[in-house]
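J.: Just so it is clear, I am handing over entry_34.txt, which has compact mmCIF, C-alpha atoms and all ligand atoms.
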```txt
# COMPACT_ATOMS: atom_id res chain seq x y z
CA MET G 135 6.73 2.39 -25.24
CA ALA G 136 5.38 1.07 -21.95
CA VAL G 137 4.39 -2.58 -21.60
CA GLN G 138 0.72 -2.62 -20.68
CA VAL G 139 -0.80 -5.28 -18.47
CA THR G 140 -3.49 -7.18 -20.34
CA GLU G 141 -5.35 -10.39 -19.59
CA ASN G 142 -2.79 -12.26 -21.71
CA THR G 143 0.34 -10.79 -20.12
CA PRO G 144 2.47 -13.68 -18.81
CA THR G 145 3.41 -13.00 -15.22
CA VAL G 146 5.32 -14.72 -12.45
CA ALA G 147 3.29 -16.07 -9.54
CA LEU G 148 3.75 -13.90 -6.47
CA GLY G 149 0.59 -14.56 -4.49
CA PRO G 150 -2.00 -11.80 -4.68
CA ALA G 151 0.39 -9.42 -6.51
CA ALA G 152 -1.28 -8.54 -9.81
CA ALA G 153 1.04 -5.98 -11.40
CA LEU G 154 3.39 -3.11 -10.72
CA SER G 155 1.78 0.30 -10.82
CA CYS G 156 3.32 3.76 -11.02
CA ARG G 157 2.84 5.91 -7.94
CA GLU G 158 2.75 9.02 -10.08
CA CYS G 159 0.70 8.23 -13.19
CA GLY G 160 -0.92 4.89 -12.32
CA GLN G 161 0.43 3.10 -15.41
CA ARG G 162 0.57 -0.67 -14.81
CA PHE G 163 3.36 -3.06 -15.80
CA PRO G 164 3.78 -6.84 -15.53
CA LEU G 165 5.59 -8.11 -12.44
CA GLY G 166 9.31 -7.99 -13.15
CA PRO G 167 12.60 -6.65 -11.78
CA ILE G 168 11.82 -3.06 -12.72
CA PHE G 169 11.44 -0.11 -10.39
CA ALA G 170 10.76 3.03 -12.43
CA CYS G 171 7.81 3.86 -14.68
CA GLN G 172 8.67 3.75 -18.37
CA GLU G 173 6.25 6.65 -18.97
CA CYS G 174 7.16 9.17 -16.26
CA PHE G 175 10.05 7.63 -14.22
CA GLY G 176 7.84 7.55 -11.11
CA PRO G 177 8.49 4.77 -8.57
CA LEU G 178 6.66 1.48 -9.11
CA GLU G 179 4.82 -0.36 -6.37
CA VAL G 180 3.00 -3.65 -6.13
CA ALA G 181 -0.72 -3.60 -6.96
CA TYR G 182 -2.86 -6.44 -5.65
CA ASP G 183 -5.97 -8.45 -6.15
CA LEU G 184 -6.54 -8.54 -2.43
CA PRO G 185 -8.72 -11.22 -0.89
CA SER G 186 -12.34 -10.19 -0.90
CA GLY G 187 -14.94 -11.62 1.40
CA ASP G 188 -15.49 -12.01 5.07
CA PRO G 189 -12.94 -10.08 7.19
CA GLU G 190 -13.60 -12.40 10.13
CA SER G 191 -12.43 -15.49 8.23
CA LEU G 192 -9.35 -13.64 6.91
CA ARG G 193 -8.55 -12.57 10.47
CA LYS G 194 -8.87 -16.21 11.62
CA GLN G 195 -6.68 -17.41 8.74
CA ILE G 196 -3.98 -14.90 9.71
CA GLU G 197 -4.19 -15.76 13.41
CA ALA G 198 -3.77 -19.47 12.60
CA GLY G 199 -0.61 -18.75 10.57
CA PRO G 200 3.03 -18.98 11.65
CA ASP G 201 4.50 -16.59 14.25
CA ASN G 202 6.33 -14.56 11.64
CA ILE G 203 5.57 -12.31 8.67
CA TRP G 204 4.28 -15.26 6.61
CA ARG G 205 1.03 -15.17 8.57
CA TYR G 206 0.27 -12.20 6.28
CA ALA G 207 1.20 -14.07 3.06
CA PRO G 208 -2.33 -13.48 1.62
CA LEU G 209 -1.49 -9.74 1.63
CA LEU G 210 2.10 -9.95 0.33
CA PRO G 211 3.82 -10.52 -3.05
CA VAL G 212 5.02 -14.00 -2.14
CA PRO G 213 4.07 -17.51 -3.28
CA ALA G 214 1.42 -19.27 -1.20
CA ASP G 215 3.94 -21.93 -0.03
CA VAL G 216 6.45 -19.30 1.13
CA ALA G 217 6.57 -20.57 4.72
CA ASP G 218 7.96 -23.92 3.51
CA LYS G 219 10.98 -22.38 1.77
CA PRO G 220 14.35 -21.84 3.46
CA ASN G 221 14.31 -18.32 4.83
CA LEU G 222 14.97 -16.48 8.08
CA ASN G 223 11.27 -16.04 8.95
CA PRO G 224 11.46 -12.59 10.53
CA GLY G 225 8.63 -10.72 12.17
CA PHE G 226 6.01 -10.96 14.87
CA THR G 227 8.36 -9.03 17.13
CA LYS G 228 7.23 -7.74 20.50
CA LEU G 229 4.89 -4.81 20.92
CA VAL G 230 5.99 -3.65 24.35
CA LYS G 231 3.56 -1.66 26.52
CA ALA G 232 5.96 1.05 27.67
CA ASP G 233 4.33 2.31 30.87
CA ARG G 234 7.49 3.64 32.52
CA LEU G 235 8.52 5.54 29.41
CA ALA G 236 4.93 6.80 29.12
CA ALA G 237 5.06 8.10 32.69
CA GLU G 238 8.34 9.85 31.98
CA LEU G 239 7.04 11.44 28.77
CA GLY G 240 3.60 12.25 30.16
CA VAL G 241 1.71 9.94 27.79
CA THR G 242 -1.62 8.90 29.26
CA GLY G 243 -3.31 7.31 26.23
CA GLY G 244 -1.08 4.20 26.08
CA LEU G 245 2.47 4.09 24.73
CA TYR G 246 3.92 1.07 22.92
CA VAL G 247 7.35 0.30 21.51
CA LYS G 248 7.35 -1.99 18.48
CA ASP G 249 10.71 -3.62 19.08
CA ASP G 250 12.14 -4.85 15.80
CA SER G 251 15.56 -5.43 17.30
CA GLY G 252 14.21 -8.95 17.90
CA ASN G 253 14.47 -9.90 14.22
CA PRO G 254 17.06 -12.48 13.02
CA THR G 255 19.74 -9.90 12.19
CA HIS G 256 18.44 -7.41 14.75
CA SER G 257 16.77 -4.80 12.58
CA PHE G 258 13.53 -4.33 10.66
CA LYS G 259 15.45 -4.89 7.44
CA ASP G 260 14.91 -8.66 7.72
CA ARG G 261 11.27 -8.01 6.84
CA VAL G 262 11.95 -6.21 3.59
CA VAL G 263 14.73 -8.57 2.56
CA ALA G 264 12.53 -11.64 3.12
CA ILE G 265 10.04 -10.35 0.55
CA ALA G 266 12.77 -9.31 -1.90
CA VAL G 267 14.29 -12.82 -1.66
CA GLU G 268 11.02 -14.33 -2.92
CA ALA G 269 11.00 -11.90 -5.86
CA ALA G 270 14.68 -12.74 -6.57
CA ARG G 271 13.81 -16.46 -6.63
CA ALA G 272 10.87 -15.81 -8.96
CA PHE G 273 12.97 -13.74 -11.39
CA GLY G 274 15.86 -16.22 -11.42
CA PHE G 275 18.56 -14.01 -9.88
CA THR G 276 21.61 -15.80 -8.53
CA THR G 277 23.29 -12.98 -6.59
CA LEU G 278 21.60 -10.95 -3.90
CA SER G 279 22.87 -7.42 -3.40
CA CYS G 280 22.04 -3.99 -1.97
CA SER G 281 23.27 -0.52 -1.23
CA SER G 282 23.13 -0.13 2.51
CA THR G 283 23.64 2.14 5.48
CA GLY G 284 24.55 -1.02 7.42
CA ASN G 285 21.53 -2.95 8.63
CA LEU G 286 20.37 -3.95 5.18
CA ALA G 287 23.83 -5.32 4.36
CA GLY G 288 23.64 -7.70 7.33
CA ALA G 289 20.07 -8.70 6.51
CA VAL G 290 20.95 -9.45 2.88
CA GLY G 291 24.13 -11.34 3.84
CA ALA G 292 22.22 -13.60 6.22
CA ALA G 293 19.14 -14.11 4.04
CA ALA G 294 21.29 -14.95 1.01
CA ARG G 295 23.09 -17.72 2.93
CA ARG G 296 19.86 -19.17 4.22
CA ALA G 297 18.08 -19.05 0.85
CA GLY G 298 21.06 -20.28 -1.19
CA PHE G 299 22.10 -17.15 -3.11
CA GLN G 300 25.52 -15.65 -3.69
CA SER G 301 25.75 -12.21 -2.12
CA CYS G 302 27.66 -9.00 -2.60
CA VAL G 303 26.65 -5.93 -0.62
CA PHE G 304 27.83 -2.32 -0.80
CA ILE G 305 28.23 0.08 2.13
CA PRO G 306 29.89 3.43 2.83
CA HIS G 307 33.45 2.59 3.96
CA ASP G 308 33.15 4.33 7.35
CA LEU G 309 30.23 2.52 9.04
CA GLU G 310 30.05 1.37 12.67
CA ALA G 311 32.19 -1.70 13.44
CA GLY G 312 29.13 -3.71 14.57
CA LYS G 313 27.39 -3.17 11.24
CA VAL G 314 30.50 -4.08 9.25
CA VAL G 315 31.05 -7.31 11.20
CA MET G 316 27.41 -8.32 10.79
CA ALA G 317 27.56 -7.68 7.07
CA ALA G 318 30.80 -9.68 6.69
CA VAL G 319 30.28 -12.65 8.98
CA TYR G 320 27.89 -14.54 6.69
CA GLY G 321 30.64 -14.97 4.17
CA GLY G 322 29.35 -13.15 1.10
CA ASP G 323 31.27 -10.27 -0.46
CA LEU G 324 31.19 -6.93 1.30
CA VAL G 325 32.40 -3.84 -0.53
CA GLY G 326 33.16 -0.55 1.23
CA ILE G 327 32.70 2.39 -1.11
CA GLU G 328 34.70 5.55 -0.65
CA GLY G 329 31.78 7.91 -0.31
CA ASN G 330 28.47 8.31 1.52
CA TYR G 331 25.29 6.26 1.08
CA ASP G 332 24.08 8.38 -1.81
CA ASP G 333 27.35 7.61 -3.66
CA VAL G 334 26.91 3.90 -2.89
CA ASN G 335 23.37 3.93 -4.25
CA ARG G 336 24.40 5.74 -7.43
CA PHE G 337 27.15 3.20 -7.99
CA CYS G 338 24.70 0.31 -7.56
CA SER G 339 22.28 1.84 -10.09
CA GLU G 340 25.16 1.99 -12.56
CA LEU G 341 26.06 -1.64 -11.90
CA ILE G 342 22.49 -2.75 -12.63
CA GLY G 343 22.61 -1.07 -16.03
CA ASP G 344 25.90 -2.79 -16.91
CA PRO G 345 26.54 -6.38 -18.06
CA LEU G 346 28.58 -6.75 -14.84
CA GLY G 347 25.26 -6.68 -12.94
CA GLU G 348 23.66 -9.48 -14.98
CA GLY G 349 21.85 -11.93 -12.69
CA TRP G 350 22.05 -9.58 -9.69
CA GLY G 351 19.01 -8.71 -7.64
CA PHE G 352 19.57 -5.48 -5.68
CA VAL G 353 16.92 -5.75 -2.99
CA ASN G 354 16.46 -1.98 -2.63
CA VAL G 355 17.01 -1.00 -6.27
CA ASN G 356 15.71 -3.33 -9.01
CA LEU G 357 13.68 -5.34 -6.47
CA ARG G 358 12.58 -2.22 -4.55
CA PRO G 359 8.85 -2.50 -5.29
CA TYR G 360 8.76 -5.94 -3.62
CA TYR G 361 11.25 -5.08 -0.87
CA GLY G 362 9.15 -2.11 0.22
CA GLU G 363 6.12 -4.32 0.81
CA GLY G 364 7.91 -6.03 3.71
CA SER G 365 7.46 -2.90 5.82
CA LYS G 366 3.68 -3.27 5.58
CA THR G 367 4.01 -6.19 7.97
CA LEU G 368 4.90 -3.71 10.73
CA ALA G 369 1.49 -2.09 10.25
CA TYR G 370 -0.27 -5.46 10.20
CA GLU G 371 1.49 -6.68 13.35
CA ILE G 372 0.92 -3.50 15.32
CA CYS G 373 -2.81 -3.58 14.60
CA GLU G 374 -3.14 -7.31 15.25
CA GLN G 375 -1.17 -7.00 18.51
CA LEU G 376 -3.46 -4.15 19.58
CA GLY G 377 -6.42 -6.54 19.14
CA TRP G 378 -7.10 -5.57 15.50
CA ARG G 379 -7.18 -1.88 16.34
CA LEU G 380 -5.45 1.04 14.64
CA PRO G 381 -3.19 3.07 16.93
CA ASP G 382 -3.94 6.81 16.91
CA GLN G 383 -0.33 7.85 16.28
CA ILE G 384 2.84 6.12 15.02
CA VAL G 385 6.37 7.53 15.10
CA ILE G 386 8.69 6.11 12.43
CA PRO G 387 12.36 6.79 11.60
CA ILE G 388 13.17 7.97 8.08
CA ALA G 389 16.18 7.15 5.90
CA SER G 390 14.87 6.64 2.35
CA GLY G 391 11.32 6.97 3.70
CA SER G 392 10.25 3.60 2.29
CA GLN G 393 9.32 2.12 5.65
CA LEU G 394 7.06 5.03 6.54
CA THR G 395 5.23 5.06 3.22
CA LYS G 396 4.65 1.31 3.33
CA ILE G 397 3.36 1.34 6.90
CA ASP G 398 0.79 3.85 5.69
CA LYS G 399 -0.03 1.55 2.74
CA GLY G 400 -0.43 -1.39 5.14
CA LEU G 401 -2.78 0.53 7.42
CA LYS G 402 -4.91 1.58 4.45
CA GLU G 403 -5.11 -2.04 3.28
CA LEU G 404 -6.27 -3.22 6.71
CA ILE G 405 -9.04 -0.61 6.62
CA ALA G 406 -10.02 -1.51 3.04
CA LEU G 407 -10.18 -5.21 3.95
CA GLY G 408 -12.38 -4.46 6.97
CA LEU G 409 -9.79 -5.99 9.33
CA VAL G 410 -9.73 -2.81 11.44
CA GLU G 411 -12.22 -0.04 11.99
CA ASP G 412 -11.94 2.90 9.58
CA LYS G 413 -10.76 5.77 11.74
CA PRO G 414 -8.13 8.50 11.44
CA TYR G 415 -4.49 7.86 12.39
CA LYS G 416 -1.49 10.19 12.39
CA ILE G 417 1.95 9.33 11.06
CA PHE G 418 5.05 11.11 12.36
CA GLY G 419 8.52 10.89 10.82
CA ALA G 420 11.82 11.11 12.73
CA GLN G 421 15.24 12.20 11.44
CA ALA G 422 18.59 13.17 12.91
CA GLU G 423 19.40 16.87 12.69
CA GLY G 424 22.62 16.05 10.82
CA CYS G 425 20.62 14.35 8.06
CA SER G 426 17.18 15.93 8.02
CA PRO G 427 16.18 16.65 4.42
CA VAL G 428 12.56 15.55 4.93
CA SER G 429 12.11 17.28 8.27
CA THR G 430 13.62 20.49 6.85
CA ALA G 431 11.18 20.40 3.92
CA PHE G 432 8.26 19.64 6.23
CA LYS G 433 9.01 22.53 8.54
CA ALA G 434 9.52 24.94 5.62
CA GLY G 435 6.23 23.87 4.03
CA HIS G 436 8.01 22.65 0.88
CA ASP G 437 6.87 19.80 -1.39
CA VAL G 438 10.38 19.24 -2.70
CA VAL G 439 13.05 17.55 -0.57
CA ARG G 440 16.46 19.21 -1.02
CA PRO G 441 19.38 16.74 -0.72
CA GLN G 442 21.81 17.18 2.20
CA LYS G 443 25.31 15.92 2.99
CA PRO G 444 24.81 13.76 6.12
CA LYS G 445 26.79 14.24 9.32
CA THR G 446 25.29 12.39 12.27
CA ILE G 447 25.92 9.45 14.59
CA ALA G 448 22.65 7.97 13.29
CA LYS G 449 24.40 6.40 10.33
CA SER G 450 21.61 3.97 9.51
CA LEU G 451 19.40 6.98 8.73
CA ALA G 452 22.09 8.90 6.87
CA ILE G 453 20.50 9.15 3.43
CA GLY G 454 20.86 12.70 2.15
CA ASN G 455 18.66 12.21 -0.91
CA PRO G 456 15.74 10.02 0.22
CA ALA G 457 13.86 8.35 -2.64
CA ASP G 458 10.50 8.43 -0.85
CA GLY G 459 10.95 11.85 0.77
CA PRO G 460 8.12 13.63 -1.08
CA TYR G 461 5.69 10.79 -0.29
CA VAL G 462 6.61 11.01 3.38
CA LEU G 463 5.71 14.72 3.31
CA ASP G 464 2.34 13.90 1.72
CA ILE G 465 1.55 11.23 4.33
CA ALA G 466 2.57 13.36 7.32
CA ARG G 467 0.45 16.24 6.04
CA ARG G 468 -2.54 14.14 4.95
CA THR G 469 -2.77 12.29 8.26
CA GLY G 470 -2.21 15.37 10.45
CA GLY G 471 1.21 14.14 11.57
CA ALA G 472 4.60 15.87 11.34
CA VAL G 473 8.29 15.28 10.61
CA ASP G 474 10.93 16.51 13.05
CA ASP G 475 14.55 15.93 14.04
CA VAL G 476 16.84 15.76 17.08
CA ASP G 477 20.56 16.37 17.47
CA ASP G 478 23.14 13.70 18.28
CA GLU G 479 23.17 14.47 21.99
CA GLN G 480 19.40 14.05 22.13
CA VAL G 481 19.76 10.75 20.25
CA VAL G 482 22.11 9.40 22.92
CA ASP G 483 19.90 10.69 25.73
CA ALA G 484 16.89 9.00 24.14
CA ILE G 485 18.73 5.67 23.74
CA LYS G 486 19.51 5.79 27.45
CA LEU G 487 15.98 6.88 28.36
CA LEU G 488 14.47 3.89 26.56
CA ALA G 489 17.05 1.52 28.07
CA ARG G 490 16.57 2.92 31.58
CA THR G 491 12.76 2.91 31.49
CA GLU G 492 11.91 -0.20 29.47
CA GLY G 493 15.04 -2.35 29.30
CA ILE G 494 15.22 -1.95 25.53
CA PHE G 495 18.60 -1.08 24.03
CA ALA G 496 18.01 0.68 20.72
CA GLU G 497 20.50 1.56 18.05
CA THR G 498 20.82 5.19 17.03
CA ALA G 499 17.74 5.00 14.77
CA GLY G 500 15.64 4.07 17.81
CA GLY G 501 17.24 6.96 19.70
CA VAL G 502 16.19 9.31 16.91
CA THR G 503 12.62 8.00 17.07
CA VAL G 504 12.25 8.16 20.85
CA GLY G 505 14.01 11.56 20.89
CA VAL G 506 11.63 12.99 18.28
CA THR G 507 8.65 11.50 20.15
CA LYS G 508 9.76 13.28 23.32
CA LYS G 509 10.30 16.56 21.46
CA LEU G 510 6.91 16.40 19.73
CA ILE G 511 5.13 15.73 23.05
CA GLU G 512 6.94 18.66 24.67
CA GLN G 513 5.92 20.88 21.76
CA GLY G 514 2.29 19.78 22.01
CA VAL G 515 2.38 18.33 18.47
CA LEU G 516 1.94 14.71 19.57
CA ASP G 517 -1.17 14.27 21.69
CA PRO G 518 -0.25 12.42 24.93
CA SER G 519 -3.84 11.35 25.49
CA LEU G 520 -3.84 9.15 22.35
CA THR G 521 -2.59 5.59 21.76
CA THR G 522 0.94 6.00 20.43
CA VAL G 523 3.31 3.45 18.89
CA VAL G 524 7.03 4.21 18.58
CA LEU G 525 9.24 2.04 16.38
CA ASN G 526 12.57 0.69 17.53
CA THR G 527 13.99 -0.57 14.25
CA GLY G 528 17.44 -1.79 15.33
CA ASP G 529 19.59 -3.19 18.14
CA GLY G 530 21.89 -1.02 20.26
CA LEU G 531 24.63 -3.66 20.18
CA LYS G 532 25.33 -2.61 16.58
CA THR G 533 26.05 1.02 17.53
CA LEU G 534 27.84 0.67 20.86
CA ASP G 535 30.14 3.60 20.08
CA ALA G 536 27.23 6.02 20.33
CA VAL G 537 26.75 5.36 24.03
CA ALA G 538 30.17 4.01 25.05
CA PRO G 539 31.68 7.41 25.99
CA THR G 540 28.92 8.03 28.54
CA SER G 541 28.40 4.46 29.81
CA GLY G 542 30.57 2.37 32.06
CA PRO G 543 30.81 0.71 35.48
CA THR G 544 29.27 2.58 38.42
CA ALA G 545 32.43 1.72 40.35
CA THR G 546 35.50 -0.50 40.01
CA ILE G 547 36.49 -2.02 43.35
CA ARG G 548 38.66 -4.66 44.98
CA PRO G 549 36.77 -7.95 45.50
CA ASP G 550 36.06 -7.45 49.22
CA LEU G 551 33.07 -6.33 51.29
CA ASP G 552 34.79 -3.30 52.78
CA ALA G 553 35.53 -1.91 49.36
CA PHE G 554 31.91 -2.51 48.35
CA ARG G 555 30.67 -0.72 51.47
CA ALA G 556 33.11 2.13 50.90
CA ALA G 557 31.88 2.59 47.35
CA GLY G 558 28.42 3.40 48.76
CA LEU G 559 26.68 0.68 46.77
CA ALA G 560 24.86 -1.07 49.63
CA ARG G 561 21.07 -0.82 49.17
C1 LIG O 601 17.56 0.75 11.89
C2 LIG O 601 16.92 1.47 10.75
N1 LIG O 601 15.78 2.12 10.96
C3 LIG O 601 15.15 2.78 9.98
C4 LIG O 601 15.67 2.87 8.70
C5 LIG O 601 14.92 3.67 7.68
O1 LIG O 601 14.51 2.95 6.58
P1 LIG O 601 13.87 3.59 5.28
O2 LIG O 601 14.99 3.68 4.28
O3 LIG O 601 12.83 2.61 4.89
O4 LIG O 601 13.32 4.94 5.62
C6 LIG O 601 16.86 2.22 8.43
C7 LIG O 601 17.45 2.25 7.10
O5 LIG O 601 18.51 1.78 6.81
C8 LIG O 601 17.51 1.49 9.48
O6 LIG O 601 18.67 0.84 9.28
ZN ZN O 602 4.35 6.84 -14.32
```
Translate this structure into structure tokens?
T.:
Amino acid sequence: MAVQVTENTPTVALGPAAALSCRECGQRFPLGPIFACQECFGPLEVAYDLPSGDPESLRKQIEAGPDNIWRYAPLLPVPADVADKPNLNPGFTKLVKADRLAAELGVTGGLYVKDDSGNPTHSFKDRVVAIAVEAARAFGFTTLSCSSTGNLAGAVGAAARRAGFQSCVFIPHDLEAGKVVMAAVYGGDLVGIEGNYDDVNRFCSELIGDPLGEGWGFVNVNLRPYYGEGSKTLAYEICEQLGWRLPDQIVIPIASGSQLTKIDKGLKELIALGLVEDKPYKIFGAQAEGCSPVSTAFKAGHDVVRPQKPKTIAKSLAIGNPADGPYVLDIARRTGGAVDDVDDEQVVDAIKLLARTEGIFAETAGGVTVGVTKKLIEQGVLDPSLTTVVLNTGDGLKTLDAVAPTSGPTATIRPDLDAFRAAGLAR
């Protein structure tokens, strides 16, 4: 029997968060460390009593806030005094006007790269973890954990240290060295699982249901409804940085699909609150060909996402059975967007294109996103005359192996002027 939210339901204080509600049937539940509907097993998400009133004063309140995600605390499931607690304070990363990349891709309507490699552990995952940490504090968890394709493990390891939790994170055993080091260096436990991400995630779900998992908050499993809300801050920041304007098109990488669905939620909230003008926007999803379950379903016109066994250099996106896949399909179709994929060679080319044109070194996920953007422009699916935002969600230093085979010194010479001249490097 489902627990219904009534006026008398005791609830923890997480700012404007009022309840959890089922994405499928709308049933509401009190705020707690639960993630699936007890009626229909649909995913739960945070429902709010959002601030009502004058959008101009809310805008001013936000603008006067700290230069991190806590400026949006009135729209997030976090306590009002969140900025005073020990945390990594991610967010408010650069929105780079990418004119050289635009020229190369033929975009005339304004092209921007939202560069989330500037977060504390160099990926967008710091945003989602920061929100999950507040939920973990509220629910009294002592250990912070996750199943991860790499970036989340580092973000959880770091946030746990800062916020005073134990940590134990789980990854596929064969991740990139940079991701493994970042997940290990903060000193919590790091467990490599013999299997792919989907095996890791299944194992974590089992651990939660076992007494062994008592007191453990898995940021992307039993804290997933709160965790997901962190991605809304990307939508808020992009619009604020554009002068409180919605972009026309956004291109977003997909692993589980959570980030994409929550950016859409964030944009809808900004419209509902009157913080931006109500106008159409298109959302595009990007996958690697070697792990493209959502893109495959999109192109085939299916509503169901068939799981795949991943094989791609874009390991951070290598989720073969994405939890939010069907919702991504809905959003791409509803907004007039699309989901597409690029192969590993195109990923590397796109990493280099972004680096060469804008001085931004993306990890493979950013290569996927820029590569899909290029492909969709060439195919006439993405309109080059519209304002377009492309997400770079992680730092290239974590996936050096992807570009190492095709990058190196222009020349190696003796330290003398004749050798320099002979190498043909004089400008
Ligand atoms: C760098 C990077 N970008 C994007 C994603 C996709 O995230 P989501 O699972 O929310 O789709 C991930 C997931 O791990 C990631 O590490
Ligand atoms: Zn339900």
J.: For ligand LIG 601 (chain O), which residue out of G:Arg467, G:Lys413, G:Arg555, G:His256 is the nearest one, using only C-alpha atoms and all ligand atoms?
T.: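 Among the listed residues, the smallest separation from ligand LIG 601 (chain O) belongs to G:His256.
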J.: Considering only C-alpha atoms, can you say which of G:Pro441, G:Gly149, G:Pro381, G:Pro549 comes closest to G:Val247?
T.: G:Pro381
J.: Write as a ChimeraX atom specification the residues around ligand ZN 602 (chain O), taking 6 Å as the cut-off and counting all atoms listed in the file.
T.: /G:156,158-161,171,173-176
J.: Just write the chosen residues, C-alpha atoms, as an mmCIF file, in the coordinates of the input.
T.:
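That gives us again_13.cif:
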```
data_model
loop_
_atom_site.group_PDB
_atom_site.id
_atom_site.type_symbol
_atom_site.label_atom_id
_atom_site.label_comp_id
_atom_site.auth_asym_id
_atom_site.auth_seq_id
_atom_site.Cartn_x
_atom_site.Cartn_y
_atom_site.Cartn_z
ATOM 1 C CA CYS G 156 3.320 3.760 -11.020
ATOM 2 C CA GLU G 158 2.750 9.020 -10.080
ATOM 3 C CA CYS G 159 0.700 8.230 -13.190
ATOM 4 C CA GLY G 160 -0.920 4.890 -12.320
ATOM 5 C CA GLN G 161 0.430 3.100 -15.410
ATOM 6 C CA CYS G 171 7.810 3.860 -14.680
ATOM 7 C CA GLU G 173 6.250 6.650 -18.970
ATOM 8 C CA CYS G 174 7.160 9.170 -16.260
ATOM 9 C CA PHE G 175 10.050 7.630 -14.220
ATOM 10 C CA GLY G 176 7.840 7.550 -11.110
#
```
J.: Have a look at atom CA of G:Leu487 and atom CA of G:Ala289 and let me know their distance in Å, one decimal.
T.: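 Computed distance, atom CA of G:Leu487 to atom CA of G:Ala289, equals 27.1 Å.
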J.: So which residues are near ligand LIG 601 (chain O), meaning at most 7 Å away with all atoms listed in the file counted, given back as a PyMOL selection string?
T.: chain G and resi 257-259+282-286+387-394+450-451+497+499+527-528
J.: Need the shell around stretch 219-234 of chain G: protein/DNA/RNA residues with any atom at most 6 Å away, counting only C-alpha atoms. Skip same-chain ones fewer than 6 positions apart. Format as number ranges by chain?
T.: G: 201-203, 245-250, 252-253, 260-261, 296-297, 491
J.: Please indicate the distance in Å from atom CA of G:Arg193 to atom CA of G:Ala214, rounded to one decimal place.
T.: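 Atom CA of G:Arg193 sits 16.7 Å away from atom CA of G:Ala214.
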J.: For the point (-8.7, -9.8, 2.7) in file coordinates, what residues are within 9 Å, counting all atoms listed in the file? Give the answer as a PyMOL selection string?
T.: chain G and resi 184-189+191-193+208-209+403-404+406-409
J.: Could you jot down the atom CA of G:Asp323 to atom CA of G:Val290 separation for me, Å, one decimal place?
T.: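 According to the coordinates, atom CA of G:Asp323 and atom CA of G:Val290 are separated by 10.9 Å.
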J.: Counting all atoms listed in the file, which of G:Leu341, G:Leu309, G:Cys280, G:Val473 gets nearest to G:Leu510?
T.: G:Val473
J.: Counting only C-alpha atoms, which of G:Phe418, G:Phe495, G:Trp378, G:Tyr461 gets nearest to G:Lys509?
T.: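 Of all the options, G:Phe418 lies closest to G:Lys509.
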J.: If we count all atoms listed in the file and set the cut-off at 8 Å, which residues sit around G:Val267, ignoring sequence neighbours fewer than 5 positions away in its own chain? Please answer as an NGL selection string.
T.: :G and (278 or 293-294 or 297 or 353)
J.: Set the distance at 8 Å and use all atoms listed in the file: which residues neighbour G:Ala369 once local chain neighbours fewer than 4 positions away are removed? I'd like the list as a ChimeraX atom specification.
T.: /G:365,373,397-398,400-401
J.: With only C-alpha atoms as the basis for distance, which of G:Leu520, G:Cys338, G:Cys425, G:Leu551 is at the shortest distance from G:Thr242?
T.: G:Leu520
J.: I need the residue nearest G:Ile265 from this list: G:Pro306, G:Gly326, G:Gly364, G:Gly312. Use all atoms listed in the file for the distance.
T.: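 Looking only at the distances to G:Ile265, the closest residue turns out to be G:Gly364.
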J.: Identify the residues within 12 Å of coordinate (3.1, 14.5, 2.3) (same frame as the file), considering all atoms listed in the file, and give the answer as a short mmCIF file (atom, residue, chain, number, x, y, z; two decimals) with C-alpha atoms, keeping the file's coordinate frame.
T.:
```cif
data_model
loop_
_atom_site.label_atom_id
_atom_site.label_comp_id
_atom_site.auth_asym_id
_atom_site.auth_seq_id
_atom_site.Cartn_x
_atom_site.Cartn_y
_atom_site.Cartn_z
CA GLY G 391 11.32 6.97 3.70
CA LEU G 394 7.06 5.03 6.54
CA THR G 395 5.23 5.06 3.22
CA ASP G 398 0.79 3.85 5.69
CA LYS G 416 -1.49 10.19 12.39
CA ILE G 417 1.95 9.33 11.06
CA PHE G 418 5.05 11.11 12.36
CA GLY G 419 8.52 10.89 10.82
CA VAL G 428 12.56 15.55 4.93
CA SER G 429 12.11 17.28 8.27
CA ALA G 431 11.18 20.40 3.92
CA PHE G 432 8.26 19.64 6.23
CA LYS G 433 9.01 22.53 8.54
CA GLY G 435 6.23 23.87 4.03
CA HIS G 436 8.01 22.65 0.88
CA ASP G 437 6.87 19.80 -1.39
CA VAL G 438 10.38 19.24 -2.70
CA VAL G 439 13.05 17.55 -0.57
CA ASP G 458 10.50 8.43 -0.85
CA GLY G 459 10.95 11.85 0.77
CA PRO G 460 8.12 13.63 -1.08
CA TYR G 461 5.69 10.79 -0.29
CA VAL G 462 6.61 11.01 3.38
CA LEU G 463 5.71 14.72 3.31
CA ASP G 464 2.34 13.90 1.72
CA ILE G 465 1.55 11.23 4.33
CA ALA G 466 2.57 13.36 7.32
CA ARG G 467 0.45 16.24 6.04
CA ARG G 468 -2.54 14.14 4.95
CA THR G 469 -2.77 12.29 8.26
CA GLY G 470 -2.21 15.37 10.45
CA GLY G 471 1.21 14.14 11.57
CA ALA G 472 4.60 15.87 11.34
CA VAL G 473 8.29 15.28 10.61
#
```
